[in-house]
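Pasted below: input_11.cif, mmCIF, C-alpha atoms and all ligand atoms.
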data_data
loop_
_atom_site.label_atom_id
_atom_site.label_comp_id
_atom_site.auth_asym_id
_atom_site.auth_seq_id
_atom_site.Cartn_x
_atom_site.Cartn_y
_atom_site.Cartn_z
CA MET A 1 -36.18 0.76 69.36
CA LYS A 2 -34.82 -1.85 66.98
CA MET A 3 -31.27 -1.71 65.63
CA PRO A 4 -30.99 -2.33 61.85
CA THR A 5 -29.21 -5.66 62.43
CA ASP A 6 -32.07 -6.95 64.61
CA ALA A 7 -34.79 -5.62 62.30
CA LEU A 8 -33.07 -7.29 59.32
CA ARG A 9 -32.57 -10.63 61.06
CA GLU A 10 -36.17 -10.64 62.22
CA GLU A 11 -37.52 -9.88 58.75
CA ILE A 12 -35.37 -12.53 57.06
CA ARG A 13 -36.34 -15.14 59.67
CA GLN A 14 -40.00 -14.31 59.15
CA SER A 15 -40.20 -14.04 55.38
CA GLY A 16 -37.03 -15.56 53.94
CA ALA A 17 -34.38 -13.86 51.83
CA ILE A 18 -35.00 -10.15 51.17
CA THR A 19 -33.89 -7.93 48.28
CA PHE A 20 -30.72 -5.88 48.67
CA ALA A 21 -32.94 -2.79 48.31
CA ARG A 22 -34.79 -3.77 51.49
CA PHE A 23 -31.47 -4.48 53.25
CA MET A 24 -30.21 -1.02 52.24
CA GLU A 25 -33.49 0.63 53.27
CA LEU A 26 -33.33 -0.79 56.79
CA ALA A 27 -29.56 -0.23 57.14
CA LEU A 28 -29.85 3.45 56.18
CA TYR A 29 -33.36 4.43 57.25
CA CYS A 30 -34.53 2.10 60.04
CA PRO A 31 -36.55 4.49 62.28
CA GLU A 32 -34.28 6.09 64.92
CA THR A 33 -31.40 3.67 64.40
CA GLY A 34 -30.63 3.55 60.64
CA TYR A 35 -27.37 5.11 59.40
CA TYR A 36 -28.98 8.37 58.25
CA GLU A 37 -31.34 8.46 61.23
CA SER A 38 -28.85 8.10 64.03
CA GLN A 39 -25.57 9.51 62.80
CA LYS A 40 -25.53 13.28 62.65
CA ASP A 41 -21.95 13.91 61.59
CA THR A 42 -21.63 11.49 58.71
CA VAL A 43 -20.46 14.13 56.24
CA GLY A 44 -17.21 16.11 56.43
CA ARG A 45 -13.69 15.54 57.66
CA ARG A 46 -14.82 14.01 60.95
CA GLY A 47 -17.50 11.88 59.27
CA ASP A 48 -17.44 9.01 56.80
CA PHE A 49 -17.22 10.90 53.52
CA ILE A 50 -17.01 14.45 52.16
CA THR A 51 -19.55 16.08 49.86
CA SER A 52 -19.41 19.29 47.84
CA VAL A 53 -21.25 20.97 50.70
CA SER A 54 -18.67 20.02 53.31
CA THR A 55 -15.82 21.58 51.29
CA GLY A 56 -17.07 25.07 52.24
CA SER A 57 -19.76 27.60 51.44
CA LEU A 58 -18.72 28.41 47.85
CA PHE A 59 -20.70 25.49 46.42
CA GLY A 60 -23.96 26.77 47.95
CA GLU A 61 -23.14 30.34 46.95
CA LEU A 62 -22.66 29.39 43.31
CA LEU A 63 -25.92 27.43 43.38
CA ALA A 64 -27.68 30.38 45.01
CA PHE A 65 -26.50 32.66 42.23
CA GLN A 66 -27.73 30.20 39.57
CA PHE A 67 -31.07 29.77 41.33
CA SER A 68 -31.51 33.54 41.61
CA GLU A 69 -31.04 33.82 37.84
CA TRP A 70 -33.61 31.08 37.20
CA LEU A 71 -36.06 32.52 39.71
CA ALA A 72 -35.70 36.00 38.25
CA GLU A 73 -36.92 34.58 34.92
CA LEU A 74 -39.90 32.92 36.62
CA ARG A 75 -40.72 36.04 38.58
CA ILE A 76 -42.25 37.71 35.56
CA VAL A 77 -45.23 35.38 35.86
CA ASN A 78 -46.15 37.02 39.16
CA CYS A 79 -46.49 33.90 41.28
CA GLU A 80 -45.08 32.63 44.58
CA LEU A 81 -41.62 31.20 44.12
CA ARG A 82 -40.05 28.31 46.00
CA ILE A 83 -36.68 26.67 46.32
CA VAL A 84 -37.22 23.04 47.32
CA GLU A 85 -34.28 21.00 48.60
CA ALA A 86 -34.48 17.26 49.21
CA GLY A 87 -31.88 15.38 51.24
CA ALA A 88 -30.88 18.56 53.09
CA HIS A 89 -28.94 16.51 55.65
CA ASP A 90 -27.79 18.90 58.43
CA GLY A 91 -29.10 22.02 56.64
CA LYS A 92 -25.67 23.44 55.80
CA LEU A 93 -26.31 23.77 52.07
CA ALA A 94 -29.65 25.47 52.74
CA ALA A 95 -27.89 27.91 55.09
CA ASP A 96 -25.21 28.70 52.48
CA ILE A 97 -27.85 29.33 49.83
CA LEU A 98 -30.11 31.43 52.05
CA ASN A 99 -27.16 33.46 53.38
CA TRP A 100 -26.09 34.34 49.87
CA LEU A 101 -29.59 35.29 48.75
CA LYS A 102 -30.16 37.39 51.85
CA THR A 103 -26.92 39.28 51.32
CA PHE A 104 -26.85 39.69 47.56
CA ARG A 105 -30.46 39.38 46.39
CA PRO A 106 -32.43 40.67 49.40
CA GLU A 107 -35.57 41.51 47.40
CA LEU A 108 -35.72 37.96 46.00
CA PHE A 109 -34.91 36.52 49.44
CA SER A 110 -37.92 38.29 50.92
CA GLU A 111 -40.20 36.89 48.22
CA ILE A 112 -39.28 33.21 48.26
CA GLU A 113 -39.86 30.37 50.70
CA TYR A 114 -37.28 27.61 51.09
CA TRP A 115 -38.95 24.24 51.41
CA ILE A 116 -37.16 21.14 52.65
CA LEU A 117 -38.32 17.60 51.94
CA GLU A 118 -37.21 15.48 54.85
CA PRO A 119 -38.88 12.23 55.92
CA SER A 120 -36.84 11.86 59.11
CA ALA A 121 -38.00 13.72 62.24
CA ASN A 122 -34.45 13.53 63.67
CA ARG A 123 -33.00 15.16 60.58
CA GLN A 124 -35.70 17.81 60.51
CA ALA A 125 -34.75 18.73 64.10
CA TRP A 126 -31.03 19.02 63.17
CA GLN A 127 -31.94 21.14 60.15
CA ARG A 128 -34.19 23.43 62.23
CA GLU A 129 -31.22 24.05 64.55
CA THR A 130 -28.91 25.03 61.67
CA LEU A 131 -31.55 27.19 60.00
CA ALA A 132 -33.00 28.87 63.11
CA SER A 133 -32.08 32.37 61.90
CA PHE A 134 -34.05 31.84 58.67
CA ALA A 135 -37.05 30.39 60.50
CA PRO A 136 -39.91 32.31 58.89
CA ARG A 137 -38.69 31.56 55.37
CA VAL A 138 -38.17 27.80 55.75
CA ARG A 139 -40.84 25.07 55.81
CA TRP A 140 -40.51 21.31 56.16
CA PHE A 141 -42.46 18.47 54.52
CA SER A 142 -41.90 14.76 54.84
CA ASP A 143 -42.47 14.11 51.11
CA PHE A 144 -44.31 15.40 48.05
CA GLU A 145 -47.68 14.05 49.23
CA ASN A 146 -47.29 15.82 52.56
CA LEU A 147 -46.26 18.99 50.72
CA LYS A 148 -49.39 18.91 48.55
CA LEU A 149 -51.55 18.27 51.58
CA LYS A 150 -50.07 21.00 53.79
CA THR A 151 -49.93 23.67 51.10
CA GLN A 152 -53.30 22.61 49.67
CA ASN A 153 -51.67 23.10 46.35
CA SER A 154 -50.23 20.78 43.78
CA LYS A 155 -48.70 23.68 41.84
CA LEU A 156 -45.11 24.65 42.34
CA HIS A 157 -43.13 27.42 40.65
CA GLY A 158 -39.42 27.51 41.31
CA VAL A 159 -36.45 25.21 41.67
CA ILE A 160 -36.49 21.67 43.06
CA PHE A 161 -33.01 20.33 43.65
CA SER A 162 -30.87 17.81 45.49
CA ASN A 163 -27.21 17.18 46.09
CA GLU A 164 -26.32 13.52 46.62
CA LEU A 165 -29.88 12.42 47.21
CA LEU A 166 -30.43 10.03 44.31
CA ASP A 167 -27.40 7.90 45.23
CA ALA A 168 -28.90 7.33 48.68
CA PHE A 169 -32.08 5.58 47.49
CA PRO A 170 -32.13 1.82 48.05
CA VAL A 171 -31.03 -0.04 44.92
CA HIS A 172 -31.79 -3.49 43.57
CA ARG A 173 -28.73 -5.52 42.63
CA LEU A 174 -29.01 -7.65 39.50
CA GLY A 175 -26.66 -10.35 38.24
CA TRP A 176 -26.34 -11.89 34.78
CA ASN A 177 -26.64 -15.64 34.33
CA ALA A 178 -24.74 -16.12 31.06
CA LYS A 179 -25.62 -19.82 30.71
CA GLU A 180 -29.35 -19.29 30.98
CA LYS A 181 -29.22 -15.81 29.51
CA THR A 182 -31.31 -14.31 32.27
CA TRP A 183 -30.94 -11.69 34.96
CA PHE A 184 -31.39 -12.72 38.55
CA GLU A 185 -31.62 -10.50 41.63
CA TRP A 186 -29.17 -10.62 44.50
CA GLY A 187 -30.91 -10.91 47.84
CA ILE A 188 -29.80 -11.25 51.44
CA THR A 189 -30.26 -14.21 53.69
CA LEU A 190 -28.84 -15.39 57.02
CA ALA A 191 -26.00 -17.86 57.46
CA GLY A 192 -26.25 -18.42 61.21
CA GLU A 193 -26.23 -14.89 62.59
CA LYS A 194 -24.33 -13.43 59.63
CA PHE A 195 -25.84 -11.80 56.55
CA ALA A 196 -25.04 -13.56 53.29
CA TRP A 197 -25.80 -13.11 49.58
CA ALA A 198 -28.46 -15.33 48.00
CA ARG A 199 -29.79 -15.51 44.47
CA LEU A 200 -33.48 -14.63 44.42
CA GLU A 201 -35.75 -16.44 42.03
CA ASN A 202 -38.59 -14.58 40.31
CA SER A 203 -37.26 -11.05 40.55
CA GLU A 204 -39.65 -8.50 39.11
CA PHE A 205 -36.68 -6.64 37.59
CA GLY A 206 -34.53 -7.21 34.54
CA ILE A 207 -32.70 -5.26 31.88
CA ARG A 208 -33.55 -5.63 28.24
CA ASN A 209 -30.58 -5.13 25.96
CA SER A 210 -29.86 -7.95 23.52
CA GLU A 211 -26.58 -6.45 22.27
CA LEU A 212 -25.19 -6.44 25.78
CA GLU A 213 -26.50 -9.83 26.70
CA ALA A 214 -24.44 -11.40 23.94
CA VAL A 215 -21.19 -10.22 25.54
CA LEU A 216 -21.74 -9.92 29.29
CA PRO A 217 -19.65 -12.29 31.43
CA ASP A 218 -21.39 -14.64 33.82
CA GLY A 219 -22.09 -12.97 37.17
CA TYR A 220 -21.88 -9.42 35.73
CA THR A 221 -23.53 -7.26 38.37
CA ILE A 222 -25.36 -3.99 38.10
CA GLU A 223 -27.67 -1.87 40.26
CA ILE A 224 -30.98 -0.32 39.35
CA SER A 225 -32.84 2.30 41.38
CA PRO A 226 -36.60 2.30 40.75
CA ALA A 227 -36.98 4.38 43.94
CA ALA A 228 -34.77 7.19 42.58
CA GLU A 229 -36.68 7.18 39.28
CA SER A 230 -40.01 7.27 41.03
CA TRP A 231 -38.85 10.16 43.26
CA TRP A 232 -37.81 12.08 40.13
CA ARG A 233 -41.19 11.39 38.52
CA ALA A 234 -42.94 12.73 41.62
CA ALA A 235 -40.74 15.85 41.57
CA ALA A 236 -41.47 16.38 37.88
CA GLY A 237 -45.15 15.88 38.58
CA ILE A 238 -45.33 18.70 41.09
CA LEU A 239 -43.25 21.21 39.13
CA THR A 240 -45.65 23.53 37.32
CA ARG A 241 -42.97 25.87 36.07
CA GLY A 242 -39.25 25.99 36.78
CA LYS A 243 -36.24 23.72 37.15
CA LEU A 244 -35.52 20.27 38.49
CA LEU A 245 -31.85 19.73 39.26
CA ALA A 246 -29.80 16.79 40.53
CA ILE A 247 -26.14 16.85 41.44
CA ASP A 248 -24.67 13.45 42.11
CA TYR A 249 -22.08 10.92 41.07
CA GLY A 250 -23.23 8.73 38.28
CA PHE A 251 -23.13 7.55 34.72
CA THR A 252 -25.14 7.36 31.56
CA SER A 253 -26.57 3.87 30.88
CA LYS A 254 -23.84 3.31 28.31
CA GLU A 255 -21.07 4.18 30.76
CA GLN A 256 -22.65 2.08 33.47
CA PHE A 257 -22.20 -1.10 31.46
CA SER A 258 -18.43 -0.88 31.45
CA PRO A 259 -16.70 -4.23 30.80
CA ALA A 260 -14.10 -3.20 33.38
CA ARG A 261 -16.66 -2.88 36.17
CA THR A 262 -18.14 -6.32 36.53
CA GLN A 263 -19.35 -5.93 40.12
CA GLY A 264 -21.39 -2.74 39.87
CA THR A 265 -20.88 0.49 41.77
CA LEU A 266 -22.33 -0.29 45.19
CA ARG A 267 -19.92 0.69 47.95
CA ALA A 268 -19.86 1.09 51.71
CA TYR A 269 -18.17 4.07 53.39
CA HIS A 270 -16.93 4.29 56.93
CA ARG A 271 -14.51 6.94 58.20
CA HIS A 272 -13.39 7.86 54.67
CA ARG A 273 -12.54 4.24 53.87
CA VAL A 274 -14.34 2.60 51.02
CA SER A 275 -15.27 -1.02 51.49
CA ASP A 276 -16.76 -3.74 49.32
CA ASP A 277 -18.15 -5.47 52.40
CA LEU A 278 -21.66 -4.18 51.88
CA LEU A 279 -23.23 -6.43 54.48
CA ALA A 280 -20.95 -5.52 57.39
CA ASN A 281 -22.37 -3.58 60.36
CA PRO A 282 -25.72 -2.45 58.91
CA GLY A 283 -26.55 1.02 60.21
CA GLU A 284 -22.94 1.93 60.90
CA GLN A 285 -21.67 2.46 57.37
CA ASP A 286 -23.05 4.38 54.43
CA LEU A 287 -24.24 2.40 51.42
CA THR A 288 -24.39 4.10 48.06
CA ALA A 289 -24.44 3.39 44.33
CA HIS A 290 -23.76 5.54 41.27
CA VAL A 291 -26.85 7.12 39.74
CA ASN A 292 -28.00 6.03 36.29
CA PHE A 293 -28.62 9.50 34.89
CA SER A 294 -30.02 8.17 31.60
CA ALA A 295 -32.82 6.47 33.53
CA ILE A 296 -33.47 9.65 35.55
CA GLN A 297 -33.42 11.84 32.46
CA LYS A 298 -35.86 9.51 30.71
CA ALA A 299 -38.22 9.54 33.71
CA GLY A 300 -38.27 13.36 33.68
CA GLU A 301 -38.83 13.57 29.95
CA ALA A 302 -41.64 11.02 30.16
CA ALA A 303 -43.23 13.32 32.75
CA GLY A 304 -43.11 16.21 30.29
CA LEU A 305 -39.86 17.94 31.32
CA THR A 306 -37.29 19.25 28.86
CA THR A 307 -33.64 18.43 29.45
CA ASP A 308 -31.68 21.69 29.59
CA SER A 309 -28.28 20.18 30.27
CA PHE A 310 -26.47 17.13 31.49
CA CYS A 311 -22.84 17.88 32.24
CA THR A 312 -20.04 17.38 34.73
CA GLN A 313 -19.90 19.33 37.99
CA PRO A 314 -16.78 21.25 36.81
CA GLN A 315 -18.61 22.28 33.62
CA PHE A 316 -21.70 23.33 35.54
CA LEU A 317 -19.82 25.40 38.13
CA THR A 318 -17.42 26.92 35.61
CA ARG A 319 -20.34 28.01 33.41
CA ILE A 320 -21.84 29.80 36.41
CA LEU A 321 -18.59 31.67 37.04
CA GLN A 322 -18.28 32.57 33.37
CA LYS A 323 -21.64 34.35 33.29
CA GLY A 324 -21.11 38.09 32.92
CA VAL A 325 -23.37 38.95 35.85
CA ALA A 326 -21.56 36.48 38.13
CA GLU A 327 -18.40 38.57 37.97
CA LYS A 328 -19.97 41.12 40.27
CA TYR A 329 -20.22 38.50 43.03
CA PHE A 330 -17.36 36.08 42.42
CA SER A 331 -14.56 37.99 40.71
CA GLY A 332 -12.47 38.39 43.83
CA LEU A 333 -12.35 34.83 45.20
CA ASP A 334 -9.89 34.63 48.10
CA ALA A 335 -7.33 31.82 48.51
CA LYS A 336 -9.74 29.73 50.59
CA GLN A 337 -12.49 30.00 47.97
CA VAL A 338 -10.07 29.17 45.18
CA ARG A 339 -9.10 26.01 47.08
CA GLN A 340 -12.78 25.15 47.47
CA PHE A 341 -13.39 25.63 43.75
CA GLN A 342 -10.43 23.36 42.97
CA THR A 343 -11.76 20.63 45.27
CA LEU A 344 -15.19 20.89 43.64
CA THR A 345 -13.83 20.65 40.11
CA HIS A 346 -10.49 18.83 40.11
CA PRO A 347 -10.68 15.29 38.67
CA GLU A 348 -8.77 13.89 41.65
CA HIS A 349 -11.33 15.32 44.05
CA LEU A 350 -15.02 15.88 43.31
CA GLY A 351 -14.64 16.85 39.66
CA ARG A 352 -14.49 13.46 38.01
CA ALA A 353 -17.54 11.50 39.06
CA PHE A 354 -20.03 14.27 39.77
CA ARG A 355 -22.63 15.15 37.16
CA VAL A 356 -25.43 17.67 37.00
CA LEU A 357 -28.78 17.05 35.33
CA ALA A 358 -31.01 20.08 34.81
CA GLN A 359 -34.51 19.71 33.43
CA SER A 360 -37.27 22.26 33.16
CA ARG A 361 -40.94 22.88 32.56
C1 LIG A 401 -25.51 11.54 51.08
S1 LIG A 401 -26.62 12.42 52.04
C2 LIG A 401 -26.54 13.99 51.23
C3 LIG A 401 -26.27 15.08 52.15
C4 LIG A 401 -26.35 16.52 51.65
N1 LIG A 401 -27.29 16.76 50.59
C5 LIG A 401 -24.96 16.96 51.23
O1 LIG A 401 -24.75 17.18 50.06
O2 LIG A 401 -24.09 17.06 52.10
C6 LIG A 401 -28.20 11.82 51.55
C7 LIG A 401 -29.35 12.42 52.34
O3 LIG A 401 -30.60 12.12 51.68
C8 LIG A 401 -31.58 11.88 52.68
N2 LIG A 401 -32.75 11.20 52.06
C9 LIG A 401 -32.88 9.92 51.72
N3 LIG A 401 -34.10 9.66 51.17
C10 LIG A 401 -34.74 10.85 51.14
C11 LIG A 401 -36.03 11.26 50.67
N4 LIG A 401 -36.90 10.41 50.13
N5 LIG A 401 -36.36 12.58 50.78
C12 LIG A 401 -35.50 13.45 51.34
N6 LIG A 401 -34.27 13.12 51.80
C13 LIG A 401 -33.89 11.84 51.72
C14 LIG A 401 -30.79 11.08 53.71
O4 LIG A 401 -31.41 11.07 54.96
C15 LIG A 401 -29.47 11.84 53.73
O5 LIG A 401 -29.51 12.89 54.67
#
Would it be possible to restate this file's structure as structure tokens?
Amino acid sequence: MKMPTDALREEIRQSGAITFARFMELALYCPETGYYESQKDTVGRRGDFITSVSTGSLFGELLAFQFSEWLAELRIVNCELRIVEAGAHDGKLAADILNWLKTFRPELFSEIEYWILEPSANRQAWQRETLASFAPRVRWFSDFENLKLKTQNSKLHGVIFSNELLDAFPVHRLGWNAKEKTWFEWGITLAGEKFAWARLENSEFGIRNSELEAVLPDGYTIEISPAAESWWRAAAGILTRGKLLAIDYGFTSKEQFSPARTQGTLRAYHRHRVSDDLLANPGEQDLTAHVNFSAIQKAGEAAGLTTDSFCTQPQFLTRILQKGVAEKYFSGLDAKQVRQFQTLTHPEHLGRAFRVLAQSR
């Protein structure tokens, strides 16, 4: 069993400097030992960072209500309905959603299956533990290909969604060379035993925007995530009818190129501390970058989806609560739930950076 540090050193020694995307891939997903493979309690107060899910069950309950509304519309077609979650982590969000559906929409609950896309066997095992009481209704697949194979079906009616999945895909890090007016890619090499940044020649990536290039300072750094875009394309490809939803922190392309943010959005998290030392202790800290929602939106539209809405998390959750029918379920929020709603929507907590993109076919 190789630790990420050893796997990285070995690969760099064998083939020379690697892209940051490869560094991030091994640091987070090295089989058995990567950050997301080995660390179960990364989310929540005792972990490295909090997510909307770890604030309490209200987030999942509001999503469940929204999904039930969407699924009720699809139900008319008389087909099998699915909720598909990717990046289900420890299964808590799935449990919150399924609990709500079972309690408040039992007839819909008995009709649907909840499918989880999870490449990691370790994570699947943790999720199975959390979701044991829903066992007959939940199925696992490692990815979309595996899903198509196992269900012998490339048609899917329902909702495909993720919370904080897109920010966890390995990103490429590009820098601007103002003198030569070209983009270069940041890679990782070894300086003795330590990991160090190195400029890679001949990167296959670049950004075309002549207006920007005239004003960008030398060394301006930005991330791109072809893996997140290609995941979204695959999700769009399998959705026959229904919704594709992403909740994550991110920007539009325009916002991403802020003159104030010259070093991109890549950050490392360990025990609730944010760090710019992205190369420290691979496998022991989370690495994440803001999502470029314009790129994701474009990928979905190119795959034939219609964009229903792109808004902030507070707008999305408030709209749910404002729906007439929602009153029946959420009118009497107790003090704990009110606190959860505030954490989810307040700009000083999760309300500022989080966005929601909803597309449909
Ligand atoms: C930041 S965590 C999000 C946790 C959870 N959704 C929440 O909101 O608390 C990102 C999760 O995405 C998972 N992940 C990464 N790539 C994935 C992929 N291709 N398919 C499914 N899950 C993936 C990681 O293993 C990790 O559990």
Provide an axis-aligned box for all listed atoms of ligand LIG 401 (chain A), padding each side by 3 Å; report its centre and its edge lengths in Å to one decimal, as JSON.
{"center_x": -30.5, "center_y": 13.4, "center_z": 52.5, "size_x": 18.8, "size_y": 13.5, "size_z": 10.9}
remark   = Of A:Glu145, A:Glu204, A:Glu107, A:Glu32, the one sitting nearest Gly237 (chain A) when using only C-alpha atoms is A:Glu145
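Using all atoms listed in the file for every distance, the candidate list A:Ala168, A:Met1, A:Ile112, A:Ala295 yields A:Ala168 as the residue closest to ligand LIG 401 (chain A).
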message = Which residues are near ligand LIG 401 (chain A) in this structure, taking near to mean any atom at most 6 Å from a ligand atom and counting only C-alpha atoms and all ligand atoms? Format them as a list in words.
response =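 Those residues are Tyr36, Thr51, Val53, Ala86, Gly87, Ala88, His89, Leu117, Glu118, Pro119, Asn163, Glu164, Leu165, Ala168 and Phe169 of chain A.
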Selection from above, C-alpha atoms, as an mmCIF file, keeping the file's coordinate frame, can you write it?
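The new file part.cif reads:
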data_model
loop_
_atom_site.group_PDB
_atom_site.id
_atom_site.type_symbol
_atom_site.label_atom_id
_atom_site.label_comp_id
_atom_site.auth_asym_id
_atom_site.auth_seq_id
_atom_site.Cartn_x
_atom_site.Cartn_y
_atom_site.Cartn_z
ATOM 1 C CA TYR A 36 -28.980 8.370 58.250
ATOM 2 C CA THR A 51 -19.550 16.080 49.860
ATOM 3 C CA VAL A 53 -21.250 20.970 50.700
ATOM 4 C CA ALA A 86 -34.480 17.260 49.210
ATOM 5 C CA GLY A 87 -31.880 15.380 51.240
ATOM 6 C CA ALA A 88 -30.880 18.560 53.090
ATOM 7 C CA HIS A 89 -28.940 16.510 55.650
ATOM 8 C CA LEU A 117 -38.320 17.600 51.940
ATOM 9 C CA GLU A 118 -37.210 15.480 54.850
ATOM 10 C CA PRO A 119 -38.880 12.230 55.920
ATOM 11 C CA ASN A 163 -27.210 17.180 46.090
ATOM 12 C CA GLU A 164 -26.320 13.520 46.620
ATOM 13 C CA LEU A 165 -29.880 12.420 47.210
ATOM 14 C CA ALA A 168 -28.900 7.330 48.680
ATOM 15 C CA PHE A 169 -32.080 5.580 47.490
#
request  = Quick one: pull the distance between CA of Ile18 (chain A) and CA of Tyr220 (chain A), Å, one decimal.
outcome  =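 According to the coordinates, CA of Ile18 (chain A) and CA of Tyr220 (chain A) are separated by 20.3 Å.
Proximity of A:Arg22, A:His346, A:Arg261, A:Arg105 to Pro282 (chain A), computed with all atoms listed in the file, is greatest for A:Arg22.
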Test item: residues at most 8 Å from Leu317 (chain A), all atoms listed in the file, excluding those fewer than 4 positions along its chain, as a VMD selection string = chain A and resid 62 313 321 345
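Interatomic distance, CA of Gln359 (chain A) to CA of Ile160 (chain A): 10.0 Å.
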task = Have a look at CA of Leu212 (chain A) and CA of Val171 (chain A) and let me know their distance in Å, one decimal.
result = 21.0 Å
task = Name the closest residue to Ala227 (chain A) among the candidates A:Glu25, A:Leu156, A:Leu8, A:Lys254; distances are taken between atoms, counting all atoms listed in the file.
result =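 Nearest to Ala227 (chain A): A:Glu25.
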task = With a distance cut-off of 8 Å and only C-alpha atoms, select the neighbouring residues of His157 (chain A), excluding the residue or stretch itself and same-chain residues fewer than 4 positions from it, and output the selection as an NGL selection string.
result = :A and (74 or 79-82 or 239-242)
Create the file for the chosen residues now, containing C-alpha atoms and written as a compact mmCIF listing (two decimals), keeping the file's coordinate frame.
# COMPACT_ATOMS: atom_id res chain seq x y z
CA LEU A 74 -39.90 32.92 36.62
CA CYS A 79 -46.49 33.90 41.28
CA GLU A 80 -45.08 32.63 44.58
CA LEU A 81 -41.62 31.20 44.12
CA ARG A 82 -40.05 28.31 46.00
CA LEU A 239 -43.25 21.21 39.13
CA THR A 240 -45.65 23.53 37.32
CA ARG A 241 -42.97 25.87 36.07
CA GLY A 242 -39.25 25.99 36.78
request  = Find the residue from A:Leu58, A:Glu185, A:Leu28, A:Ile12 that sits nearest to Gln337 (chain A); use only C-alpha atoms when measuring.
outcome  =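 When distances to Gln337 (chain A) are compared using only C-alpha atoms, the smallest one comes from A:Leu58.
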request  = Fewer than 3 positions away in the same chain doesn't count, so skip those; otherwise give me all residues within 10 Å of Ala303 (chain A), counting all atoms listed in the file, as a list in words.
outcome  = Trp232, Arg233, Ala234, Ala235, Ala236, Gly237, Gln297, Lys298, Ala299, Gly300, Thr306 and Arg361 of chain A
A:Lys243, A:Phe195, A:Arg139, A:Thr19 ranked by distance to Arg173 (chain A), top pick (using all atoms listed in the file) = A:Thr19
request  = List the neighbours of Ala94 (chain A) out to 8 Å using all atoms listed in the file; skip same-chain residues closer than 6 positions along the sequence, and give me the result as a PyMOL selection string.
outcome  = chain A and resi 60+85+88+131
inquiry  = So that I can see what lies close to Val338 (chain A), please list as JSON, numbers by chain the residues with an atom at most 12 Å from it, counting all atoms listed in the file and leaving out residues fewer than 6 positions away in the same chain.
reply    = {"A": [55, 56, 57, 58, 59, 330, 331, 332, 344, 345, 346]}
message = Within 9 Å of (-30.8, 27.5, 50.0) (file coordinates; all atoms listed in the file), which protein or nucleic acid residues are there? I'd like them as a PyMOL selection string.
response = chain A and resi 60-61+63-64+67+83-85+91-101+114-115
Dump C-alpha atoms for the selected residues as a JSON list (two decimals), in the coordinates of the input?
[["chain", "number", "residue", "atom", "x", "y", "z"],
["A", 60, "GLY", "CA", -23.96, 26.77, 47.95],
["A", 61, "GLU", "CA", -23.14, 30.34, 46.95],
["A", 63, "LEU", "CA", -25.92, 27.43, 43.38],
["A", 64, "ALA", "CA", -27.68, 30.38, 45.01],
["A", 67, "PHE", "CA", -31.07, 29.77, 41.33],
["A", 83, "ILE", "CA", -36.68, 26.67, 46.32],
["A", 84, "VAL", "CA", -37.22, 23.04, 47.32],
["A", 85, "GLU", "CA", -34.28, 21.00, 48.60],
["A", 91, "GLY", "CA", -29.10, 22.02, 56.64],
["A", 92, "LYS", "CA", -25.67, 23.44, 55.80],
["A", 93, "LEU", "CA", -26.31, 23.77, 52.07],
["A", 94, "ALA", "CA", -29.65, 25.47, 52.74],
["A", 95, "ALA", "CA", -27.89, 27.91, 55.09],
["A", 96, "ASP", "CA", -25.21, 28.70, 52.48],
["A", 97, "ILE", "CA", -27.85, 29.33, 49.83],
["A", 98, "LEU", "CA", -30.11, 31.43, 52.05],
["A", 99, "ASN", "CA", -27.16, 33.46, 53.38],
["A", 100, "TRP", "CA", -26.09, 34.34, 49.87],
["A", 101, "LEU", "CA", -29.59, 35.29, 48.75],
["A", 114, "TYR", "CA", -37.28, 27.61, 51.09],
["A", 115, "TRP", "CA", -38.95, 24.24, 51.41]]
